[in-house]
Structures are given as C-alpha cells and as structure tokens.
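Peer 1: Can you read through this structure? Questions will come right after.
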Amino acid sequence: MNKKAFYGSSSRAYDYELYHFDSTNWNAAPVNYLFAAPVNGEWFIPYAGETDDARCRFSNHERWNEAVQRWGATHIFVHVAPNEAARKAEERDLILSLDPPMNEKHKPKTGLINLAPGGFFDTQPASAGGLFSLSPILCR
C-alpha cells in the first residue's frame, strides 16, 4: 500500500494511505481524506475532508464527480482518525497548508484558524474489522 505524509500549516505530519476511490469497499470508519489526482509523478489534492463514516460518505460523495471531471482525481488518501475534534483540526490544518481549490468555503476569510495545541490524535487502533468491508451500505 502506498503511504504518504502530508504536512499541515502547523508543520504537523499526518500519515495517509492511498486507495483507488471507485474500486474500494469502505468500512464505516471515521477518517480524514484527500481526493488525489496524479500529476507528473506527484499527487495534486483538489479536496480535503473528514467524516465519521467512510462507507456512507464515499458511497455518494457530492464533490467526487467534480474532482474527477475538473481536476482529474482518481484516488483518495485516507487517515483513520476516531476522535472527532482531532479530525476537524486535521482537516483545517491541511486545508490551510495544501490549499485545495475545492475547499474555498472552508478557508478562513482573514487570519489563521486557531488550532488547539498538540494531543489531537486518539491512539486507539482502528476497529477490528479494519477500514474495508464488503457488507451492504446502510447509512443513517
């Protein structure tokens, strides 16, 4: 599996794993994610997000088609993050750093977002079922 570290505006490193968006069967895991488009041997990130349920969110993501058609996205980087406050802080940190063009509404109008100091991540392992599942998608 391809892994890559992405750095937030805080200089904090976040470790992500790369998957093909359309051919992955997702589990209901809480994750941060980055849509990715291959460009000259590197990855361009048009969108960053977070969700408490990857299976439901990725089954019909309203921004995926735009990412594919406008920015050439084919893959998604994913980081399992069980703690909601940590996911939201990571999302903001990476949006400020990576400047994804599809995240305009999430960028601050003026100044920087005040991120809480360290200790963002829950160190508990991902669920025993892992990140993937072949079970049917049942969303709330």
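Ordering of the structure tokens sets the chain letters (A, B, ...), residue numbers begin anew at 1 in every chain, and ligands are numbered from 1 in the order given.
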Show me, as JSON, numbers by chain, the residues that have an atom within 10 Å of Arg70 (chain A) when counting only C-alpha atoms, minus same-chain residues fewer than 4 positions from it.
Peer 2: {"A": [46, 64, 65, 66, 102]}
Peer 1: Would you mind exporting N, CA and C atoms of the selected residues as a compact mmCIF listing (two decimals), in the first residue's frame?
Peer 2:
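Final output, saved to out.txt:
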```txt
# COMPACT_ATOMS: atom_id res chain seq x y z
N PRO A 46 -7.17 18.17 -4.80
CA PRO A 46 -8.20 19.19 -5.05
C PRO A 46 -9.20 19.38 -3.91
N TRP A 64 -17.17 14.31 -5.47
CA TRP A 64 -16.27 13.40 -6.19
C TRP A 64 -16.31 13.63 -7.70
N ASN A 65 -17.51 13.72 -8.29
CA ASN A 65 -17.60 13.91 -9.75
C ASN A 65 -16.91 15.18 -10.20
N GLU A 66 -17.05 16.25 -9.45
CA GLU A 66 -16.35 17.50 -9.77
C GLU A 66 -14.83 17.29 -9.69
N MET A 102 -11.08 23.08 -4.17
CA MET A 102 -12.49 22.78 -3.93
C MET A 102 -12.92 23.08 -2.49
```
Peer 1: Which residues of region 44-118 of chain A come within 6 Å of region 17-25 of chain A, and what is each one's closest atom pair and distance in Å (one decimal), counting only C-alpha atoms, sorted by chain and residue number, as a Markdown table?
Peer 2:
```
| residue | atom | partner | partner_atom | distance |
| --- | --- | --- | --- | --- |
| A:His75 | CA | A:His20 | CA | 4.3 |
| A:Ile76 | CA | A:Tyr19 | CA | 5.4 |
| A:Phe77 | CA | A:Leu18 | CA | 4.4 |
| A:Val78 | CA | A:Glu17 | CA | 5.3 |
```
Peer 1: Could you save the residues just selected, with N, CA and C atoms, as a PDB file, in the first residue's frame?
Peer 2:
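Dumped everything to selection.pdb:
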```
ATOM      1  N   HIS A  75      -7.898   8.876  -7.182  1.00  0.00           N
ATOM      2  CA  HIS A  75      -7.571   8.182  -5.944  1.00  0.00           C
ATOM      3  C   HIS A  75      -7.971   9.027  -4.735  1.00  0.00           C
ATOM      4  N   ILE A  76      -7.810   8.409  -3.586  1.00  0.00           N
ATOM      5  CA  ILE A  76      -8.100   9.104  -2.332  1.00  0.00           C
ATOM      6  C   ILE A  76      -7.075   8.658  -1.283  1.00  0.00           C
ATOM      7  N   PHE A  77      -6.525   9.624  -0.573  1.00  0.00           N
ATOM      8  CA  PHE A  77      -5.659   9.335   0.570  1.00  0.00           C
ATOM      9  C   PHE A  77      -6.549   9.333   1.806  1.00  0.00           C
ATOM     10  N   VAL A  78      -6.341   8.369   2.694  1.00  0.00           N
ATOM     11  CA  VAL A  78      -7.194   8.197   3.874  1.00  0.00           C
ATOM     12  C   VAL A  78      -6.345   8.028   5.126  1.00  0.00           C
TER      13      VAL A  78
END
```
Peer 1: Counting only C-alpha atoms, figure out which residue out of A:Tyr16, A:Gly49, A:Pro100, A:Asn2 gets nearest to Arg87 (chain A).
Peer 2: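 Of A:Tyr16, A:Gly49, A:Pro100, A:Asn2, the one nearest Arg87 (chain A) is A:Gly49, counting only C-alpha atoms.
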Peer 1: Per DSSP on the backbone, filter region 2-115 of chain A down to the residues in helix (DSSP H, G or I) and report them as JSON, numbers by chain.
Peer 2: {"A": [54, 55, 56, 57, 58, 59, 64, 65, 66, 67, 68, 69, 70, 71, 84, 85, 86, 87, 88, 89, 90, 91, 92, 93, 94, 95, 96, 97, 98, 101, 102, 103, 104, 105, 106]}
Peer 1: Of the residues A:Asp99, A:Ser59, A:Phe35, A:Asp52, which is the one nearest to Gly72 (chain A), using only C-alpha atoms?
Peer 2: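 Checking each candidate against Gly72 (chain A), we get A:Phe35 as the closest.
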Peer 1: Using only C-alpha atoms, pick whichever of A:Leu96, A:Ala89, A:Val68, A:Ala54 has the shortest atom-to-atom distance to Ala29 (chain A).
Peer 2: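 Closest to Ala29 (chain A) of all the choices is A:Ala54.
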Peer 1: Any idea what's packed within 6 Å of Ala73 (chain A), counting only C-alpha atoms, ignoring anything in its chain fewer than 3 positions away? Could you give it as number ranges by chain?
Peer 2: A: 36-37, 67-68
Peer 1: Save out the residues we just selected, N, CA and C atoms, as a compact mmCIF listing (two decimals), in the first residue's frame.
Peer 2:
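Output (selection03.txt):
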```
# COMPACT_ATOMS: atom_id res chain seq x y z
N ALA A 36 -7.27 12.83 -4.70
CA ALA A 36 -5.94 12.95 -5.30
C ALA A 36 -5.96 12.73 -6.80
N ALA A 37 -5.23 13.57 -7.51
CA ALA A 37 -5.08 13.47 -8.96
C ALA A 37 -3.60 13.33 -9.28
N ALA A 67 -14.39 16.58 -8.67
CA ALA A 67 -12.95 16.33 -8.52
C ALA A 67 -12.41 15.53 -9.71
N VAL A 68 -13.20 14.58 -10.20
CA VAL A 68 -12.80 13.76 -11.35
C VAL A 68 -12.80 14.60 -12.62
```
Peer 1: Which residue out of A:Cys56, A:Arg92, A:Glu104, A:His79 has the minimum interatomic distance to Lys3 (chain A) when only C-alpha atoms are used?
Peer 2: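 Looking only at the distances to Lys3 (chain A), the closest residue turns out to be A:His79.
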Peer 1: Which is closer to Thr74 (chain A) than all the others in A:Trp26, A:Ala13, A:Asp93, A:Val39, using only C-alpha atoms?
Peer 2: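 The answer is A:Val39, which sits nearest to Thr74 (chain A).
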Peer 1: Looking at A:Pro38, A:Asn83, A:Pro30, A:Leu94, which one is nearest to Glu50 (chain A), with distances taken over only C-alpha atoms?
Peer 2: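 Of all the options, A:Pro30 lies closest to Glu50 (chain A).
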